[in-house]
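Since the structure comes first, as structure tokens, the remarks are kept for the end.
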Amino acid sequence: MFLNGLNHCKRWVCGAVLAVAACPWVGARAQTAATVTPKTTLAQKLSNFVSPQGGIDPAQAPVLQPPAAGYSFPQKQTLTYAVDWRVFTAGVAVFKLEQVGPVTKVSATADTVGATNMIYQVVDRFQSSFNTQTGCSVGFSKQTQEGRRKVSSDLIFQPPAAAGQLGKQVQVERNLGKGTVKQLEAPIPACVTDSLSGIFYVGSQRLIPGGDIKLPLADAMRTVAVTMRVEAHEEVKTPAGTFQTVRVQPTADAGVVKNRGTITIWYTDDVRHLPVQIRAKLFWGTITFHLQSVS
């Protein structure tokens, strides 16, 4: 969703990803801008572009618009990406979507491969779910194994008790190595997206060059106002084929990579709006997610 770096990529998007791994765009983070170390993971670097370091007043957050009329999320879909860092393939990211009643469940994995494992092995797992009618996220969780460090984190979004009130996010983080548990709570808007679901929520909107999509993203006990700028049409070649796409660039007023780089996502210019390529140009280098297959 992202997917926090090469040896450390969530965020989407996950990273972009909004979390890619989000990268496209995808834990609790320090309140001050963190210095990226060699242990920053492949999934986390991609997600850091929307990682809140300050956030905004939830009552002042933009309103999450429902999916565009006529848009349908896939009943079941798997997207596999090769993740390149500089001149070599550093990892593989897989996104899986499945509808269960009114909810779409999204899971993502980000694993280092080849020579990267000799430097620092990373195995990250992320899960989120959202309402297909409203786009509102239900929750987000991650399991991270980075070297000897093993952490499990669950973030639940609770709706407001009454109309006009704020909701609440509750985070429970378990350090499996140390045997410790930490719980935090914070207010959020009544309807939010998360750094993994956000990648696919954006695909449900009308992507018209020159337009903006504004959304509230809840993560790490903060609310971040994110603007998805729809820039232009562009042809993109990937291992999965050549696609006519719409190029989208997320921006946020908070985050550890604010003023340090850019994230770009290419969605297919058709009714599916598949994220076929995600690129993070950051101060430590460039990571690119290339779509390998769709099933």
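Ligands are numbered from 1 in the order shown, residues from 1 within each chain, and chains are lettered A, B, ... in the order they appear in the structure tokens.
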Counting only C-alpha atoms, which residues of region 79-185 of chain A sit at most 12 Å from some atom of region 204-207 of chain A, and what is each one's closest atom pair with its distance in Å to one decimal, listed by chain and rising residue number, as a tab-separated table?
```
residue	atom	partner	partner_atom	distance
A:Thr132	CA	A:Ser204	CA	9.5
A:Gln133	CA	A:Ser204	CA	10.4
A:Thr134	CA	A:Ser204	CA	10.6
A:Gly135	CA	A:Ser204	CA	8.7
```
Using backbone DSSP assignments, extract all alpha helix (DSSP H) residues from region 44-265 of chain A; output them as a PyMOL selection string. chain A and resi 44-47+115-119+197-203
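The residue that comes closest to Gly179 (chain A), out of A:Thr288, A:Gln277, A:Ser152, A:Ser293 and on the basis of only C-alpha atoms, is A:Ser152.
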My list of candidates is A:Ala161, A:Leu79, A:Val92, A:Leu196. Which is closest to Phe126 (chain A) when distances are computed with only C-alpha atoms? A:Leu196
Distance query region 279-281 of chain A at most 7 Å, only C-alpha atoms, self and fewer than 6 positions along chain excluded, as a VMD selection string: chain A and resid 46 261 to 265 287 to 289
Let me see the file: selected residues, N, CA, C and O atoms, as a PDB file, in the first residue's frame.
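To be explicit, this is the file written out as again_0.pdb:
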```pdb
ATOM      1  N   LEU A  46       7.926   2.307  -0.198  1.00  0.00           N
ATOM      2  CA  LEU A  46       6.893   2.693  -1.144  1.00  0.00           C
ATOM      3  C   LEU A  46       5.703   3.303  -0.430  1.00  0.00           C
ATOM      4  O   LEU A  46       4.997   4.125  -0.989  1.00  0.00           O
ATOM      5  N   GLY A 261      11.133  13.345  -2.626  1.00  0.00           N
ATOM      6  CA  GLY A 261      10.961  12.510  -3.793  1.00  0.00           C
ATOM      7  C   GLY A 261       9.518  12.517  -4.272  1.00  0.00           C
ATOM      8  O   GLY A 261       8.694  13.293  -3.800  1.00  0.00           O
ATOM      9  N   THR A 262       9.218  11.642  -5.234  1.00  0.00           N
ATOM     10  CA  THR A 262       7.877  11.565  -5.801  1.00  0.00           C
ATOM     11  C   THR A 262       7.454  10.108  -5.967  1.00  0.00           C
ATOM     12  O   THR A 262       8.277   9.211  -6.101  1.00  0.00           O
ATOM     13  N   ILE A 263       6.140   9.896  -5.943  1.00  0.00           N
ATOM     14  CA  ILE A 263       5.545   8.601  -6.243  1.00  0.00           C
ATOM     15  C   ILE A 263       4.624   8.792  -7.433  1.00  0.00           C
ATOM     16  O   ILE A 263       3.869   9.765  -7.492  1.00  0.00           O
ATOM     17  N   THR A 264       4.675   7.883  -8.399  1.00  0.00           N
ATOM     18  CA  THR A 264       3.801   7.950  -9.564  1.00  0.00           C
ATOM     19  C   THR A 264       3.156   6.586  -9.785  1.00  0.00           C
ATOM     20  O   THR A 264       3.818   5.553  -9.665  1.00  0.00           O
ATOM     21  N   ILE A 265       1.861   6.591 -10.097  1.00  0.00           N
ATOM     22  CA  ILE A 265       1.121   5.358 -10.359  1.00  0.00           C
ATOM     23  C   ILE A 265       0.477   5.465 -11.736  1.00  0.00           C
ATOM     24  O   ILE A 265      -0.124   6.487 -12.071  1.00  0.00           O
ATOM     25  N   ILE A 287      12.608   2.991  -6.988  1.00  0.00           N
ATOM     26  CA  ILE A 287      12.000   1.661  -6.984  1.00  0.00           C
ATOM     27  C   ILE A 287      10.848   1.683  -7.981  1.00  0.00           C
ATOM     28  O   ILE A 287      10.036   2.612  -7.994  1.00  0.00           O
ATOM     29  N   THR A 288      10.762   0.660  -8.837  1.00  0.00           N
ATOM     30  CA  THR A 288       9.677   0.572  -9.807  1.00  0.00           C
ATOM     31  C   THR A 288       8.991  -0.783  -9.710  1.00  0.00           C
ATOM     32  O   THR A 288       9.658  -1.822  -9.699  1.00  0.00           O
ATOM     33  N   PHE A 289       7.664  -0.759  -9.621  1.00  0.00           N
ATOM     34  CA  PHE A 289       6.853  -1.970  -9.664  1.00  0.00           C
ATOM     35  C   PHE A 289       6.363  -2.142 -11.103  1.00  0.00           C
ATOM     36  O   PHE A 289       5.631  -1.284 -11.611  1.00  0.00           O
TER      37      PHE A 289
END
```
Shell around Lys178 (chain A) at 9 Å using only C-alpha atoms, local window under 3 positions removed, as a ChimeraX atom specification: /A:150,174-175
Take CA of Val94 (chain A) and CA of Val236 (chain A) and report the distance between them in Å, one decimal. 19.5 Å
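Picture a line from CA of Asp194 (chain A) to CA of Cys136 (chain A); it runs 8.8 Å.
We find CA of Ala108 (chain A) and CA of Ala82 (chain A) to be spaced 13.4 Å apart.
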Going by DSSP on the backbone, which bits of region 35-280 of chain A are strand (DSSP E or B)? Write them as JSON, numbers by chain, please. {"A": [41, 76, 77, 78, 79, 80, 81, 82, 83, 84, 85, 88, 89, 90, 91, 92, 93, 94, 95, 96, 97, 98, 99, 100, 103, 104, 105, 106, 107, 108, 109, 110, 111, 112, 122, 123, 124, 125, 126, 127, 128, 129, 130, 131, 137, 138, 139, 140, 141, 142, 143, 144, 145, 146, 149, 150, 151, 152, 153, 154, 155, 156, 157, 158, 167, 168, 169, 170, 171, 172, 173, 174, 175, 180, 181, 182, 183, 184, 185, 186, 187, 188, 193, 212, 213, 214, 215, 216, 217, 218, 219, 222, 223, 224, 225, 226, 227, 228, 229, 230, 231, 232, 233, 234, 235, 236, 237, 238, 241, 242, 243, 244, 245, 246, 247, 248, 249, 250, 251, 252, 262, 263, 264, 265, 266, 267, 268, 275, 276, 277, 278, 279, 280]}
Need to verify the contact set: region 165-168 of chain A, 9 Å, only C-alpha atoms, exclusion of same-chain residues closer than 4 positions in sequence. Can you return it as a VMD selection string? chain A and resid 58 to 59 156 to 161 185 to 191
